[in-house]
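**Student:** Have a look at the structure that comes next, please.
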Amino acid sequence: MHDAAVKVMVVDDHPMWRDAVARDLESAGFVVVATAANGTEALNRAPAARPDVVVLDLQIPAPTGVEVTAELVRADPAVRVLILSASGEQADVLEAVKAGATGYLVKSASREELVTAVRRVAQGDTVFTAGLAGLVLGEYRRLSDTRESADPQTPQLTDRETEVLRLVAKGLSYKQIAERLVLSHRTVQNHVQNTLRKLQMHNRVQLARYAIERGLDQD
């Protein structure tokens, strides 16, 4: 997908930051189709704007960034959500990933890193930090150590997926991992995407189960 064809929505409750991100993306050739200051605005504007990528600050007025991520992906499974987060929000970032976000960038990232991240998620890639890989690996361990491990719906990582995730968690780039494991860059990327997909699917199964148990599926 050419940058000029990529439509982006920027969601952040800080006007100066929101405007700066939108300006940076527009100057890089993206089309900023909407901006929003909170979760309600984001969900109201997304259907008409139809963004390919949503650059989303996690700490926005309700509904939260995690809830907005889940609803955006539910309404349009093709949308890509790139989380922009201040450091120290690890649990929230993990929840956003489980809700369907495919990228994560700290707010201290440079303009170049932001542009590259938007380009990558628009192309179907994942933007994954070492810290987030460690969190995801920890979540899989937690799932396998709980009673849920007997449940066939509990996601299991293959040995190769675990190996790739461990190397990402050590701070290696996809390119470095590909060289070390003698794999193609695309294969490494696919392994990371599969680990996210499994976690997201597990999350959806749990949410559906929660709703059914409480009769929330009844009108």
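We label chains A, B, ... in the order they appear in the structure tokens, count residues from 1 in each chain, and number ligands from 1 in the order shown.
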Per residue of range 97-126 of chain A within 10 Å of range 131-138 of chain A, note the shortest atom pair and the distance in Å to one decimal, counting only C-alpha atoms, and order the rows by chain and increasing residue number, as CSV.
**Tutor:**
residue,atom,partner,partner_atom,distance
A:Val97,CA,A:Val136,CA,8.8
A:Lys98,CA,A:Val136,CA,9.2
A:Gly103,CA,A:Leu132,CA,9.8
A:Tyr104,CA,A:Leu132,CA,8.0
A:Leu105,CA,A:Leu132,CA,10.0
**Student:** Output C-alpha atoms for every residue in that selection, as a PDB file, in the first residue's frame.
**Tutor:**
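part13.pdb, written as the output of this step:
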ATOM      1  CA  VAL A  97      -2.725  -6.087  22.062  1.00  0.00           C
ATOM      2  CA  LYS A  98      -5.155  -8.752  23.261  1.00  0.00           C
ATOM      3  CA  GLY A 103       1.633  -2.104  16.914  1.00  0.00           C
ATOM      4  CA  TYR A 104       3.067  -0.299  19.894  1.00  0.00           C
ATOM      5  CA  LEU A 105       5.266   2.773  20.051  1.00  0.00           C
TER       6      LEU A 105
END
**Student:** As a VMD selection string, please: every residue in range 42-133 of chain A that DSSP puts in helix (DSSP H, G or I).
**Tutor:** chain A and resid 42 to 49 65 to 75 90 to 99 111 to 122 130 to 133
**Student:** Atoms to include: N, CA and C atoms. Write the selected residues as a CSV table (one decimal), in the first residue's frame.
**Tutor:**
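And here's again-v7.csv as it stands now:
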chain,number,residue,atom,x,y,z
A,42,ALA,N,-13.6,9.1,18.8
A,42,ALA,CA,-12.9,8.1,17.9
A,42,ALA,C,-14.0,7.1,17.4
A,43,LEU,N,-14.8,6.6,18.2
A,43,LEU,CA,-15.8,5.5,17.8
A,43,LEU,C,-16.9,6.2,16.9
A,44,ASN,N,-17.2,7.4,17.1
A,44,ASN,CA,-18.2,8.1,16.3
A,44,ASN,C,-17.7,8.5,14.9
A,45,ARG,N,-16.4,8.8,14.9
A,45,ARG,CA,-15.8,9.3,13.6
A,45,ARG,C,-15.3,8.2,12.7
A,46,ALA,N,-14.9,7.1,13.3
A,46,ALA,CA,-14.2,6.0,12.5
A,46,ALA,C,-15.1,5.5,11.4
A,47,PRO,N,-16.4,5.2,11.6
A,47,PRO,CA,-17.2,4.6,10.5
A,47,PRO,C,-17.2,5.4,9.3
A,48,ALA,N,-17.3,6.8,9.4
A,48,ALA,CA,-17.4,7.6,8.2
A,48,ALA,C,-16.0,7.8,7.6
A,49,ALA,N,-15.0,7.9,8.5
A,49,ALA,CA,-13.6,8.2,8.0
A,49,ALA,C,-13.0,7.0,7.4
A,65,GLY,N,-8.5,3.5,25.9
A,65,GLY,CA,-7.8,3.0,24.6
A,65,GLY,C,-8.0,1.6,24.4
A,66,VAL,N,-8.1,0.8,25.4
A,66,VAL,CA,-8.3,-0.7,25.2
A,66,VAL,C,-9.7,-1.0,24.7
A,67,GLU,N,-10.7,-0.3,25.3
A,67,GLU,CA,-12.1,-0.5,24.8
A,67,GLU,C,-12.2,0.0,23.4
A,68,VAL,N,-11.6,1.1,23.1
A,68,VAL,CA,-11.7,1.7,21.7
A,68,VAL,C,-11.1,0.7,20.7
A,69,THR,N,-9.9,0.2,21.1
A,69,THR,CA,-9.2,-0.8,20.2
A,69,THR,C,-10.2,-2.0,19.9
A,70,ALA,N,-10.7,-2.6,21.0
A,70,ALA,CA,-11.6,-3.7,20.8
A,70,ALA,C,-12.8,-3.4,19.9
A,71,GLU,N,-13.4,-2.2,20.1
A,71,GLU,CA,-14.6,-1.9,19.3
A,71,GLU,C,-14.2,-1.5,17.9
A,72,LEU,N,-13.1,-0.9,17.7
A,72,LEU,CA,-12.7,-0.5,16.3
A,72,LEU,C,-12.4,-1.8,15.5
A,73,VAL,N,-11.7,-2.8,16.1
A,73,VAL,CA,-11.4,-4.0,15.4
A,73,VAL,C,-12.7,-4.9,15.2
A,74,ARG,N,-13.6,-4.8,16.2
A,74,ARG,CA,-14.9,-5.6,16.0
A,74,ARG,C,-15.7,-5.0,14.8
A,75,ALA,N,-15.7,-3.7,14.8
A,75,ALA,CA,-16.5,-3.0,13.7
A,75,ALA,C,-15.8,-3.2,12.3
A,90,GLN,N,2.4,-0.9,30.9
A,90,GLN,CA,2.6,-2.2,30.3
A,90,GLN,C,1.4,-3.1,30.3
A,91,ALA,N,0.7,-3.1,31.5
A,91,ALA,CA,-0.5,-4.0,31.6
A,91,ALA,C,-1.6,-3.5,30.6
A,92,ASP,N,-1.7,-2.2,30.4
A,92,ASP,CA,-2.7,-1.6,29.5
A,92,ASP,C,-2.3,-2.0,28.1
A,93,VAL,N,-1.0,-1.9,27.8
A,93,VAL,CA,-0.5,-2.2,26.4
A,93,VAL,C,-0.8,-3.6,26.1
A,94,LEU,N,-0.6,-4.5,27.0
A,94,LEU,CA,-0.9,-5.9,26.8
A,94,LEU,C,-2.3,-6.2,26.5
A,95,GLU,N,-3.2,-5.5,27.3
A,95,GLU,CA,-4.6,-5.6,27.1
A,95,GLU,C,-5.0,-5.1,25.7
A,96,ALA,N,-4.4,-4.0,25.3
A,96,ALA,CA,-4.7,-3.4,23.9
A,96,ALA,C,-4.3,-4.4,22.8
A,97,VAL,N,-3.2,-5.1,23.0
A,97,VAL,CA,-2.7,-6.1,22.1
A,97,VAL,C,-3.7,-7.2,22.0
A,98,LYS,N,-4.2,-7.7,23.2
A,98,LYS,CA,-5.2,-8.8,23.3
A,98,LYS,C,-6.5,-8.3,22.6
A,99,ALA,N,-6.8,-7.0,22.7
A,99,ALA,CA,-8.0,-6.5,22.1
A,99,ALA,C,-7.9,-6.3,20.6
A,111,ARG,N,10.0,11.2,15.0
A,111,ARG,CA,9.1,11.3,13.9
A,111,ARG,C,9.3,10.2,12.9
A,112,GLU,N,10.6,9.9,12.6
A,112,GLU,CA,10.9,8.8,11.6
A,112,GLU,C,10.4,7.5,12.1
A,113,GLU,N,10.5,7.2,13.4
A,113,GLU,CA,10.0,5.9,14.0
A,113,GLU,C,8.5,5.9,13.9
A,114,LEU,N,7.8,7.0,14.1
A,114,LEU,CA,6.4,7.0,14.0
A,114,LEU,C,6.0,6.7,12.5
A,115,VAL,N,6.6,7.4,11.6
A,115,VAL,CA,6.2,7.2,10.2
A,115,VAL,C,6.5,5.8,9.7
A,116,THR,N,7.6,5.2,10.2
A,116,THR,CA,7.9,3.9,9.8
A,116,THR,C,6.9,2.9,10.4
A,117,ALA,N,6.5,3.1,11.7
A,117,ALA,CA,5.6,2.3,12.4
A,117,ALA,C,4.2,2.3,11.7
A,118,VAL,N,3.8,3.5,11.3
A,118,VAL,CA,2.5,3.6,10.6
A,118,VAL,C,2.5,2.8,9.3
A,119,ARG,N,3.6,3.0,8.6
A,119,ARG,CA,3.8,2.4,7.3
A,119,ARG,C,3.8,0.9,7.4
A,120,ARG,N,4.5,0.4,8.5
A,120,ARG,CA,4.6,-1.1,8.7
A,120,ARG,C,3.3,-1.7,9.0
A,121,VAL,N,2.5,-1.1,10.0
A,121,VAL,CA,1.2,-1.7,10.3
A,121,VAL,C,0.2,-1.6,9.2
A,122,ALA,N,0.3,-0.5,8.4
A,122,ALA,CA,-0.5,-0.4,7.2
A,122,ALA,C,-0.3,-1.5,6.2
A,130,ALA,N,10.8,-4.8,22.4
A,130,ALA,CA,11.3,-5.9,23.3
A,130,ALA,C,10.5,-6.1,24.5
A,131,GLY,N,10.1,-5.0,25.2
A,131,GLY,CA,9.3,-5.0,26.4
A,131,GLY,C,8.0,-5.7,26.2
A,132,LEU,N,7.4,-5.4,25.1
A,132,LEU,CA,6.0,-5.9,24.8
A,132,LEU,C,6.1,-7.4,24.5
A,133,ALA,N,7.2,-7.8,23.8
A,133,ALA,CA,7.4,-9.2,23.5
A,133,ALA,C,7.5,-10.0,24.8
**Student:** Could you write out, as a list in words, all the residues of chain A that DSSP marks as strand (DSSP E or B)?
**Tutor:** Lys7, Val8, Met9, Val10, Val11, Val31, Val32, Val33, Ala34, Thr35, Ala36, Val53, Val54, Val55, Leu56, Asp57, Arg80, Val81, Leu82, Ile83, Leu84, Ser85, Gly103, Tyr104, Leu105, Val106 and Val127 of chain A
**Student:** Of the candidates A:Leu84, A:Val21, A:Ala36, A:Ala109, which one gets nearest to Leu56 in chain A if we count only C-alpha atoms?
**Tutor:**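 When distances to Leu56 in chain A are compared using only C-alpha atoms, the smallest one comes from A:Leu84.
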**Student:** Counting only C-alpha atoms, which of A:Lys107, A:Thr126, A:Val205, A:Gln153 gets nearest to Arg186 in chain A?
**Tutor:**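 Distance minimum relative to Arg186 in chain A lands on A:Thr126.
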**Student:** What is the distance between CA of Val182 in chain A and CA of Val164 in chain A, in Å to one decimal?
**Tutor:** 11.7 Å
**Student:** List the spatial neighbours of range 123-125 of chain A as a PDB file with C-alpha atoms, in the first residue's frame - criterion: any atom at most 8 Å away, only C-alpha atoms, same-chain residues fewer than 3 positions off excluded.
**Tutor:**
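Below is the file result_24.pdb, written as the result:
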ATOM      1  CA  MET A   1       0.000   0.000   0.000  1.00  0.00           C
ATOM      2  CA  ARG A  80      -4.824  -1.615  12.126  1.00  0.00           C
ATOM      3  CA  THR A 102      -0.874  -4.816  16.119  1.00  0.00           C
ATOM      4  CA  ARG A 119       3.829   2.378   7.261  1.00  0.00           C
ATOM      5  CA  ARG A 120       4.605  -1.066   8.673  1.00  0.00           C
ATOM      6  CA  GLN A 189       7.203 -11.535  10.940  1.00  0.00           C
ATOM      7  CA  GLN A 193       1.830 -12.152  13.968  1.00  0.00           C
TER       8      GLN A 193
END
**Student:** As a ChimeraX atom specification, please: the residues near range 12-20 of chain A (cut-off 7 Å, only C-alpha atoms, same-chain neighbours under 4 positions excluded).
**Tutor:** /A:24,36-38,56-57,60
**Student:** Can you work out the spacing between CA of Lys7 in chain A and CA of Gly29 in chain A in Å, to one decimal?
**Tutor:**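 Straight-line distance from CA of Lys7 in chain A to CA of Gly29 in chain A works out to 10.0 Å.
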**Student:** Have a look at CA of Ala62 in chain A and CA of Arg197 in chain A and let me know their distance in Å, one decimal.
**Tutor:**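 Value for the CA of Ala62 in chain A-CA of Arg197 in chain A distance: 25.9 Å.
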**Student:** Counting only C-alpha atoms, figure out which residue out of A:Glu163, A:Glu41, A:Glu26, A:Asp52 gets nearest to Ala178 in chain A.
**Tutor:** A:Glu163
**Student:** For range 170-173 of chain A, please output as a PDB file with C-alpha atoms, in the first residue's frame all residues within 8 Å (counting only C-alpha atoms; exclusion window: fewer than 3 positions along the same chain).
**Tutor:**
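Saved as around-v7.pdb:
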ATOM      1  CA  THR A 129       9.066  -3.633  21.196  1.00  0.00           C
ATOM      2  CA  ALA A 130      11.306  -5.885  23.259  1.00  0.00           C
ATOM      3  CA  ARG A 166      12.300 -14.758  23.189  1.00  0.00           C
ATOM      4  CA  LEU A 167      14.719 -13.153  20.723  1.00  0.00           C
ATOM      5  CA  GLN A 176      18.790 -10.105  13.218  1.00  0.00           C
ATOM      6  CA  ILE A 177      16.434 -12.944  14.215  1.00  0.00           C
TER       7      ILE A 177
END
